[in-house]
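Listing of data37.csv, CSV, C-alpha atoms and all ligand atoms
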chain,number,residue,atom,x,y,z
U,16,MET,CA,111.4,83.4,106.5
U,17,THR,CA,113.8,81.5,108.7
U,18,THR,CA,114.7,82.8,112.1
U,19,THR,CA,118.4,82.6,113.0
U,20,ALA,CA,119.9,82.0,116.4
U,21,GLU,CA,121.4,84.9,118.2
U,22,PHE,CA,125.0,85.6,117.2
U,23,HIS,CA,125.8,86.1,120.8
U,24,GLU,CA,124.0,85.0,123.9
U,25,LYS,CA,124.4,87.2,127.0
U,26,PRO,CA,126.4,85.4,129.7
U,27,GLN,CA,125.0,84.8,133.2
U,28,THR,CA,125.6,87.8,135.5
U,29,SER,CA,127.0,87.5,139.0
U,30,PRO,CA,127.1,89.9,142.0
U,31,GLU,CA,130.8,90.4,141.3
U,32,LEU,CA,130.1,91.2,137.6
U,33,LYS,CA,127.3,93.7,138.6
U,34,ALA,CA,129.7,95.4,141.0
U,35,LEU,CA,132.3,95.6,138.2
U,36,TYR,CA,129.7,97.1,135.9
U,37,GLU,CA,129.0,99.9,138.4
U,38,ARG,CA,132.7,100.7,138.5
U,39,LEU,CA,133.0,100.5,134.7
U,40,ALA,CA,130.1,103.0,134.3
U,41,LYS,CA,132.0,105.6,136.5
U,42,LYS,CA,135.0,105.3,134.2
U,43,ALA,CA,133.0,105.8,130.9
U,44,THR,CA,133.4,102.1,130.0
U,45,ALA,CA,130.9,99.3,129.5
U,46,PRO,CA,131.0,95.5,129.0
U,47,LEU,CA,130.5,94.6,125.3
U,48,TRP,CA,129.4,91.1,126.1
U,49,GLU,CA,126.2,92.5,127.7
U,50,VAL,CA,125.1,94.2,124.4
U,51,LEU,CA,126.9,92.3,121.7
U,52,GLY,CA,123.8,90.3,120.7
U,53,ASP,CA,121.9,93.5,119.9
U,54,LEU,CA,124.8,95.1,118.1
U,55,VAL,CA,126.0,92.4,115.9
U,56,THR,CA,122.9,90.6,114.6
U,57,PRO,CA,122.8,87.5,112.4
U,58,GLN,CA,120.5,89.4,110.0
U,59,PRO,CA,119.0,92.9,109.9
U,60,ARG,CA,116.7,93.7,112.8
U,61,PRO,CA,114.9,96.9,111.8
U,62,ALA,CA,113.3,99.2,114.3
U,63,CYS,CA,111.7,100.8,111.2
U,64,VAL,CA,108.2,99.2,110.6
U,65,ALA,CA,106.0,98.7,107.6
U,66,ALA,CA,103.5,101.6,107.4
U,67,SER,CA,101.4,103.5,104.9
U,68,TRP,CA,100.1,107.1,104.6
U,69,PRO,CA,96.9,107.3,102.6
U,70,TYR,CA,97.1,110.5,100.5
U,71,ASP,CA,93.6,111.8,101.3
U,72,GLU,CA,94.4,111.8,105.0
U,73,VAL,CA,97.8,113.5,104.6
U,74,ARG,CA,96.4,116.0,102.1
U,75,SER,CA,93.6,117.1,104.5
U,76,LEU,CA,96.1,117.6,107.3
U,77,ILE,CA,98.6,119.6,105.3
U,78,MET,CA,95.8,121.8,103.9
U,79,GLU,CA,94.7,122.4,107.5
U,80,ALA,CA,98.2,123.5,108.3
U,81,ALA,CA,98.1,125.9,105.4
U,82,GLY,CA,95.4,127.8,107.2
U,83,LEU,CA,97.6,128.3,110.2
U,84,ILE,CA,101.1,128.8,108.9
U,85,SER,CA,102.5,130.3,105.7
U,86,ALA,CA,105.3,128.7,103.6
U,87,GLN,CA,107.5,131.7,104.5
U,88,GLN,CA,106.9,131.3,108.2
U,89,ALA,CA,107.5,127.6,108.1
U,90,GLU,CA,110.6,127.9,105.8
U,91,ARG,CA,109.2,124.7,104.4
U,92,ARG,CA,105.6,123.7,105.1
U,93,VAL,CA,106.1,119.9,105.3
U,94,LEU,CA,104.3,117.1,107.1
U,95,VAL,CA,107.0,114.6,108.2
U,96,LEU,CA,106.0,111.0,107.4
U,97,GLU,CA,107.5,109.6,110.6
U,98,ASN,CA,107.9,105.9,110.8
U,99,PRO,CA,105.8,104.6,113.8
U,100,GLY,CA,108.8,102.5,114.9
U,101,LEU,CA,111.1,105.6,114.9
U,102,ARG,CA,108.8,108.2,116.6
U,103,GLY,CA,110.5,111.4,117.5
U,104,LEU,CA,113.4,110.8,115.1
U,105,THR,CA,112.0,112.7,112.1
U,106,ARG,CA,112.6,109.9,109.6
U,107,ILE,CA,110.7,107.3,107.6
U,108,THR,CA,113.6,104.8,107.6
U,109,PRO,CA,116.8,104.8,109.7
U,110,THR,CA,118.7,106.8,107.0
U,111,LEU,CA,116.0,108.8,105.1
U,112,PHE,CA,113.6,111.6,105.7
U,113,ALA,CA,110.3,111.8,103.9
U,114,GLY,CA,107.6,114.5,104.0
U,115,VAL,CA,104.7,116.0,102.1
U,116,GLN,CA,105.2,119.6,101.2
U,117,LEU,CA,102.6,122.2,100.2
U,118,VAL,CA,103.1,125.5,98.5
U,119,MET,CA,99.8,127.4,98.2
U,120,PRO,CA,99.0,129.7,95.2
U,121,GLY,CA,101.0,132.9,95.5
U,122,GLU,CA,103.4,131.6,98.0
U,123,VAL,CA,107.2,131.1,97.8
U,124,ALA,CA,109.4,128.9,99.9
U,125,PRO,CA,112.6,130.9,100.3
U,126,THR,CA,116.0,130.1,98.8
U,127,HIS,CA,118.4,128.1,100.9
U,128,ARG,CA,120.9,125.3,100.5
U,129,HIS,CA,122.1,122.5,102.8
U,130,ALA,CA,124.4,119.6,102.9
U,131,ALA,CA,121.5,117.2,102.7
U,132,SER,CA,120.5,116.0,99.2
U,133,ALA,CA,116.8,116.1,98.3
U,134,LEU,CA,114.4,114.6,95.8
U,135,ARG,CA,110.9,115.6,95.0
U,136,PHE,CA,108.2,113.5,93.5
U,137,VAL,CA,105.3,115.8,92.4
U,138,LEU,CA,101.9,114.7,93.6
U,139,GLU,CA,99.7,117.6,92.4
U,140,SER,CA,100.2,121.1,91.0
U,141,GLY,CA,98.6,123.8,88.9
U,142,GLU,CA,100.4,124.8,85.7
U,143,GLY,CA,103.3,127.1,86.7
U,144,ALA,CA,104.4,125.9,90.2
U,145,TYR,CA,108.2,125.5,90.1
U,146,THR,CA,111.3,124.5,91.8
U,147,ALA,CA,114.4,126.5,91.1
U,148,VAL,CA,117.9,124.9,91.5
U,149,ASP,CA,121.1,126.8,90.9
U,150,GLY,CA,119.5,129.4,88.7
U,151,GLU,CA,117.2,127.2,86.6
U,152,ARG,CA,113.5,126.9,87.2
U,153,THR,CA,111.6,123.7,86.4
U,154,THR,CA,107.8,123.5,86.3
U,155,MET,CA,106.5,120.8,88.6
U,156,ARG,CA,104.0,118.4,87.0
U,157,PRO,CA,102.5,115.4,88.7
U,158,GLY,CA,104.9,112.4,88.5
U,159,ASP,CA,108.0,114.5,87.8
U,160,PHE,CA,111.2,113.5,89.7
U,161,ILE,CA,113.2,116.5,90.6
U,162,LEU,CA,116.6,116.8,92.3
U,163,THR,CA,118.1,119.3,94.6
U,164,PRO,CA,121.5,117.9,95.2
U,165,SER,CA,123.7,118.7,98.2
U,166,TRP,CA,124.7,122.3,98.6
U,167,THR,CA,122.6,123.6,95.6
U,168,TYR,CA,120.5,126.7,96.2
U,169,HIS,CA,116.8,125.9,95.8
U,170,ASP,CA,113.5,127.6,96.2
U,171,HIS,CA,109.9,126.8,95.3
U,172,GLY,CA,107.2,129.1,94.0
U,173,ASN,CA,103.6,128.7,93.1
U,174,PRO,CA,102.1,131.4,90.8
U,175,SER,CA,99.3,129.0,89.7
U,176,SER,CA,95.8,129.0,91.1
U,177,ALA,CA,96.0,125.4,92.6
U,178,PRO,CA,98.0,124.0,95.6
U,179,ALA,CA,101.4,122.5,94.7
U,180,ILE,CA,102.0,119.3,96.7
U,181,TRP,CA,104.9,116.9,96.5
U,182,LEU,CA,106.7,114.1,98.3
U,183,ASP,CA,110.1,115.1,99.7
U,184,GLY,CA,112.9,112.6,100.3
U,185,LEU,CA,116.2,113.7,102.0
U,186,ASP,CA,119.3,112.0,103.4
U,187,ILE,CA,119.1,114.2,106.6
U,188,PRO,CA,119.5,111.3,109.0
U,189,MET,CA,122.6,110.1,107.2
U,190,VAL,CA,124.1,113.6,107.1
U,191,ASN,CA,123.5,114.0,110.8
U,192,MET,CA,124.9,110.6,111.6
U,193,TYR,CA,128.2,111.8,110.2
U,194,CYS,CA,127.6,115.2,111.9
U,195,ALA,CA,128.2,116.9,108.6
U,196,SER,CA,125.2,119.3,108.4
U,197,PHE,CA,125.6,122.8,107.0
U,198,ALA,CA,122.9,125.1,105.8
U,199,GLU,CA,122.5,128.7,104.8
U,200,HIS,CA,120.0,131.2,103.2
U,201,HIS,CA,120.5,132.9,99.8
U,202,PRO,CA,120.6,136.7,100.1
U,203,ASP,CA,117.5,136.8,97.9
U,204,GLU,CA,114.2,135.1,98.9
U,205,THR,CA,113.8,134.0,95.3
U,206,GLN,CA,117.1,133.3,93.6
U,207,PRO,CA,117.7,135.0,90.2
U,208,VAL,CA,117.0,133.1,87.1
U,209,ALA,CA,120.2,132.4,85.2
U,210,ARG,CA,119.2,129.9,82.6
U,211,VAL,CA,116.0,129.2,80.6
U,212,GLU,CA,113.8,126.4,81.6
U,213,GLY,CA,114.7,123.1,80.1
U,214,ASP,CA,118.4,124.0,79.6
U,215,ALA,CA,119.7,121.2,81.8
U,216,LEU,CA,117.5,118.5,80.2
U,217,ALA,CA,118.5,119.6,76.7
U,218,ARG,CA,122.2,119.8,77.6
U,219,TYR,CA,122.5,116.6,79.6
U,220,GLY,CA,119.4,114.5,79.1
U,221,ALA,CA,119.4,113.8,75.3
U,222,GLY,CA,122.0,111.0,75.2
U,223,LEU,CA,124.6,113.7,74.6
U,224,MET,CA,127.0,115.6,76.9
U,225,PRO,CA,128.8,118.9,76.4
U,226,VAL,CA,132.2,118.0,74.9
U,227,ASP,CA,134.1,119.4,77.9
U,228,PHE,CA,131.8,118.1,80.6
U,229,THR,CA,133.3,116.6,83.8
U,230,PRO,CA,130.9,114.4,85.7
U,231,ALA,CA,130.0,115.4,89.2
U,232,ARG,CA,128.8,113.3,92.2
U,233,HIS,CA,125.2,114.2,91.3
U,234,SER,CA,123.2,114.2,88.1
U,235,PRO,CA,123.3,117.4,86.0
U,236,ILE,CA,119.7,116.8,85.1
U,237,LEU,CA,117.4,118.9,87.3
U,238,SER,CA,114.0,117.3,86.4
U,239,TYR,CA,113.1,113.9,85.0
U,240,PRO,CA,109.6,114.6,83.5
U,241,TYR,CA,107.0,111.9,84.1
U,242,GLU,CA,105.8,112.0,80.6
U,243,ARG,CA,109.2,110.8,79.2
U,244,SER,CA,109.7,108.1,81.9
U,245,ARG,CA,106.1,106.9,81.6
U,246,GLU,CA,106.4,106.6,77.8
U,247,ALA,CA,109.6,104.5,78.2
U,248,LEU,CA,107.9,102.2,80.7
U,249,ASP,CA,104.9,101.8,78.3
U,250,ARG,CA,107.1,100.8,75.4
U,251,LEU,CA,109.1,98.3,77.5
U,252,LEU,CA,105.8,96.8,78.8
U,253,ARG,CA,104.8,96.2,75.2
U,254,ASN,CA,108.3,94.9,74.2
U,255,GLY,CA,108.7,92.6,77.2
U,256,PRO,CA,109.9,90.6,78.9
U,257,ILE,CA,108.3,91.4,82.2
U,258,HIS,CA,110.5,90.6,85.2
U,259,PRO,CA,108.6,88.2,87.6
U,260,THR,CA,109.7,90.2,90.7
U,261,HIS,CA,109.9,93.8,89.4
U,262,GLY,CA,107.5,94.1,86.5
U,263,VAL,CA,109.1,96.8,84.3
U,264,LYS,CA,111.4,98.5,86.8
U,265,MET,CA,113.8,101.2,85.8
U,266,ARG,CA,116.2,103.3,88.0
U,267,TYR,CA,116.7,107.0,87.5
U,268,VAL,CA,120.4,107.6,86.6
U,269,ASN,CA,123.0,110.3,86.4
U,270,PRO,CA,123.5,110.1,82.6
U,271,ALA,CA,127.1,111.1,82.9
U,272,THR,CA,128.1,108.1,85.0
U,273,GLY,CA,125.2,105.6,84.9
U,274,GLY,CA,125.1,105.7,88.7
U,275,SER,CA,122.4,107.0,91.0
U,276,PRO,CA,121.2,110.6,90.5
U,277,MET,CA,122.7,111.6,93.9
U,278,PRO,CA,125.4,109.7,95.9
U,279,THR,CA,123.1,108.7,98.8
U,280,ILE,CA,119.7,108.1,97.2
U,281,ALA,CA,118.5,105.8,94.5
U,282,ALA,CA,115.1,106.3,92.9
U,283,PHE,CA,113.1,103.9,90.7
U,284,LEU,CA,109.9,103.9,88.6
U,285,GLN,CA,108.2,100.6,87.9
U,286,LEU,CA,105.2,99.6,85.8
U,287,LEU,CA,103.1,96.6,87.0
U,288,PRO,CA,100.6,95.2,84.4
U,289,LYS,CA,97.0,94.8,85.4
U,290,GLY,CA,96.7,91.6,87.4
U,291,PHE,CA,100.4,91.3,88.0
U,292,GLU,CA,101.5,89.5,91.2
U,293,SER,CA,105.2,89.9,91.9
U,294,ALA,CA,107.5,87.2,93.2
U,295,PRO,CA,108.8,87.9,96.8
U,296,TYR,CA,111.8,90.1,97.1
U,297,ARG,CA,113.8,91.6,99.9
U,298,SER,CA,116.9,93.8,100.2
U,299,THR,CA,118.8,95.7,102.8
U,300,ASP,CA,117.7,99.1,101.6
U,301,ALA,CA,114.5,100.1,103.4
U,302,THR,CA,112.4,101.6,100.6
U,303,ILE,CA,109.8,104.3,100.4
U,304,PHE,CA,107.1,103.8,97.7
U,305,CYS,CA,104.6,106.3,96.3
U,306,ALA,CA,101.9,105.1,93.9
U,307,ALA,CA,101.8,107.2,90.8
U,308,GLU,CA,99.0,105.4,89.0
U,309,GLY,CA,96.6,102.5,89.4
U,310,ARG,CA,95.7,100.6,92.5
U,311,GLY,CA,96.8,97.5,94.2
U,312,THR,CA,98.0,95.7,97.3
U,313,THR,CA,101.4,95.3,98.8
U,314,ARG,CA,102.3,92.6,101.3
U,315,ILE,CA,105.2,93.6,103.6
U,316,GLY,CA,106.2,90.8,105.9
U,317,ASP,CA,102.9,89.6,107.4
U,318,GLN,CA,101.1,92.9,106.8
U,319,GLN,CA,99.0,94.0,103.8
U,320,PHE,CA,98.6,97.6,102.5
U,321,GLU,CA,96.2,98.8,99.8
U,322,TRP,CA,97.3,101.7,97.8
U,323,ARG,CA,95.9,104.2,95.3
U,324,PRO,CA,97.5,107.1,93.5
U,325,ARG,CA,99.7,109.3,95.7
U,326,ASP,CA,99.6,107.0,98.7
U,327,VAL,CA,103.0,106.4,100.4
U,328,PHE,CA,104.2,103.2,102.1
U,329,VAL,CA,107.5,102.0,103.5
U,330,VAL,CA,109.2,98.6,103.4
U,331,PRO,CA,111.8,98.1,106.1
U,332,SER,CA,115.2,96.5,105.5
U,333,TRP,CA,115.3,92.8,104.7
U,334,THR,CA,111.5,92.4,104.9
U,335,PRO,CA,109.9,90.3,102.2
U,336,VAL,CA,107.6,92.3,99.8
U,337,THR,CA,105.2,91.4,97.1
U,338,HIS,CA,103.0,93.6,95.0
U,339,ARG,CA,99.6,92.9,93.4
U,340,ALA,CA,98.3,95.3,90.8
U,341,GLN,CA,94.5,95.5,90.5
U,342,ASP,CA,94.9,97.9,87.6
U,343,GLU,CA,97.9,98.7,85.5
U,344,SER,CA,100.0,100.6,88.0
U,345,VAL,CA,103.1,102.7,88.3
U,346,LEU,CA,105.1,102.9,91.6
U,347,PHE,CA,107.8,105.4,92.3
U,348,SER,CA,110.3,104.4,95.0
U,349,PHE,CA,113.5,105.6,96.6
U,350,SER,CA,116.1,104.2,99.1
U,351,ASP,CA,119.7,104.6,100.4
U,352,ARG,CA,120.9,101.8,98.1
U,353,PRO,CA,123.9,103.7,96.6
U,354,ALA,CA,125.2,104.6,100.0
U,355,GLN,CA,125.0,100.9,101.1
U,356,GLU,CA,126.6,99.9,97.8
U,357,ALA,CA,129.5,102.4,98.3
U,358,LEU,CA,130.1,100.8,101.7
U,359,GLY,CA,129.9,97.3,100.4
U,360,LEU,CA,126.8,96.5,102.5
U,361,TRP,CA,123.9,96.2,100.1
U,362,ARG,CA,122.3,92.7,99.7
U,363,GLU,CA,119.2,91.5,98.0
U,364,GLN,CA,117.3,88.3,97.7
U,365,VAL,CA,115.2,87.8,94.6
Y,401,FE,FE,115.8,122.6,101.3
Render the structure in this file as structure tokens.
Amino acid sequence: MTTTAEFHEKPQTSPELKALYERLAKKATAPLWEVLGDLVTPQPRPACVAASWPYDEVRSLIMEAAGLISAQQAERRVLVLENPGLRGLTRITPTLFAGVQLVMPGEVAPTHRHAASALRFVLESGEGAYTAVDGERTTMRPGDFILTPSWTYHDHGNPSSAPAIWLDGLDIPMVNMYCASFAEHHPDETQPVARVEGDALARYGAGLMPVDFTPARHSPILSYPYERSREALDRLLRNGPIHPTHGVKMRYVNPATGGSPMPTIAAFLQLLPKGFESAPYRSTDATIFCAAEGRGTTRIGDQQFEWRPRDVFVVPSWTPVTHRAQDESVLFSFSDRPAQEALGLWREQV
């Protein structure tokens, strides 16, 4: 990658300027020319760094936490995947939060809602663990992509005999940047069931829409089952062509608009054939990846990360990325792309 000269070089200081700066500080003012080079950069300069979280390590830590704190006590028993370049800021990229959540057999995570939008990518679960959103429960199966859009009541329960573990992605840093956070509990720990399971998928996810439906900002589909998404990828792999950069890469959509499932977060599922080596790619949306199947290696800038199922890794903004799949592999990913697109900021280089 080319390095570009600074957009602005700091001018030489003088004793007179330093004396002025001291007086400026007392009046809540500051000289822009001292910081301009760090503010307006010729290309993105992410503090966010490339990093990975092997699942076996994260799983053993969250299981240890389960012995010390219940889901009810914690509100949400989540290990934050905190970017090493953004320590103390509770985020994996500048705009997104990611965490690994565990609900043990017999536990519930109480019903609440918040301004932040959330997605779940299910990592493991016994049959019967569920997320409920606005009165409908959906069973969580590995690989399912589940939404809890802004200000929708949601709770999680696990009546199965196995731990339920999933990757959480939220736009909390974005919401807080705008200072627009609201949150509250539902009067009931577990919200009442108002619709049968599968209602949203049948009503909105079959290439049909209710005749009087008005699209909202978020997708009306609650869960995008892995089985269906995986089958589509498999057919497209056989049909071809395979994109040299992306393999077979699809984005999850709001079926009523064709846009992203939620206004701030895009999510993708891509199939990489065995032996596939992707062409280099970069974009301004820092992206969180989670391997769903297979194994491979991803090069991010000058670092290399190996991955297996359920490992998470993050690619910072505008950092070149290439994937190499040792076996046929499926990668889930999410980013703030729709927010950047809405603001006219998003760029990519294929
Ligand atoms: Fe929540």
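With distances taken over all atoms listed in the file, U:Pro125 is the one residue among U:Pro230, U:Pro125, U:Gly103, U:Gly143 lying closest to ligand FE 401 (chain Y).
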At most 10 Å from ligand FE 401 (chain Y) (only C-alpha atoms and all ligand atoms): residue list as a list in words: Glu90, Arg91, Ala124, Pro125, Thr126, His127, Arg128, His129, Ala130, Ala131, Ser132, Ala133, Leu134, Thr163, Pro164, Ser165, Trp166, Thr167, Tyr168, His169, Asp170, His171, Asp183, Leu185, Ala198, Glu199 and His200 of chain U
Glu356 (chain U) environment, 12 Å, all atoms listed in the file, sequence neighbours closer than 2 positions dropped, as a PyMOL selection string: chain U and resi 274-275+278-281+298-300+350-354+358-363
Counting only C-alpha atoms, the residue among U:Ala221, U:Val118, U:Leu35, U:Leu104 that lies closest to Ile77 (chain U) is U:Val118
Using Å and a single decimal, report how far CA of Met78 (chain U) sits from CA of Val93 (chain U).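 CA of Val93 (chain U) sits 10.6 Å away from CA of Met78 (chain U).
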Neighbours of region 24-26 of chain U within 7 Å (all atoms listed in the file; same-chain residues fewer than 4 positions away dropped), as a PyMOL selection string? chain U and resi 48-49+52
Given the choices U:Tyr193, U:Tyr267, U:Phe304, U:Phe347, which gets closest to Val327 (chain U) if the distance is worked out from only C-alpha atoms? U:Phe304
List every residue of region 41-108 of chain U that has an atom at most 10 Å from any atom of region 313-324 of chain U, giving for each one its closest atom pair and the distance in Å to one decimal, counting all atoms listed in the file, sorted by chain and then by ascending residue number, as CSV.
residue,atom,partner,partner_atom,distance
U:Val64,CA,U:Ile315,CA,9.5
U:Ala65,CA,U:Ile315,CA,6.5
U:Ala66,CA,U:Phe320,CA,8.0
U:Ser67,CA,U:Phe320,CA,7.0
U:Trp68,CA,U:Trp322,CA,9.1
U:Pro69,CA,U:Trp322,CA,7.4
U:Tyr70,CA,U:Pro324,CA,7.8
U:Asp71,CA,U:Pro324,CA,9.9
Restricting it to C-alpha atoms, dump the selection as a PDB file, keeping the file's coordinate frame.
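As a result, out04.pdb now contains:
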ATOM      1  CA  VAL U  64     108.200  99.200 110.600  1.00  0.00           C
ATOM      2  CA  ALA U  65     106.000  98.700 107.600  1.00  0.00           C
ATOM      3  CA  ALA U  66     103.500 101.600 107.400  1.00  0.00           C
ATOM      4  CA  SER U  67     101.400 103.500 104.900  1.00  0.00           C
ATOM      5  CA  TRP U  68     100.100 107.100 104.600  1.00  0.00           C
ATOM      6  CA  PRO U  69      96.900 107.300 102.600  1.00  0.00           C
ATOM      7  CA  TYR U  70      97.100 110.500 100.500  1.00  0.00           C
ATOM      8  CA  ASP U  71      93.600 111.800 101.300  1.00  0.00           C
TER       9      ASP U  71
END
Report the distance between CA of Leu47 (chain U) and CA of Ala34 (chain U) in Å, rounded to one decimal place.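 Distance between the two atoms: 15.7 Å.
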Which value, in Å to one decimal, gives the distance between CA of Arg310 (chain U) and CA of Gly262 (chain U)? 14.7 Å
Skip Arg210 (chain U) itself and residues of its chain fewer than 6 positions away, then list as a list in words all residues within 9 Å of it, counting all atoms listed in the file.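 Those residues are Gly150, Glu151 and Arg152 of chain U.
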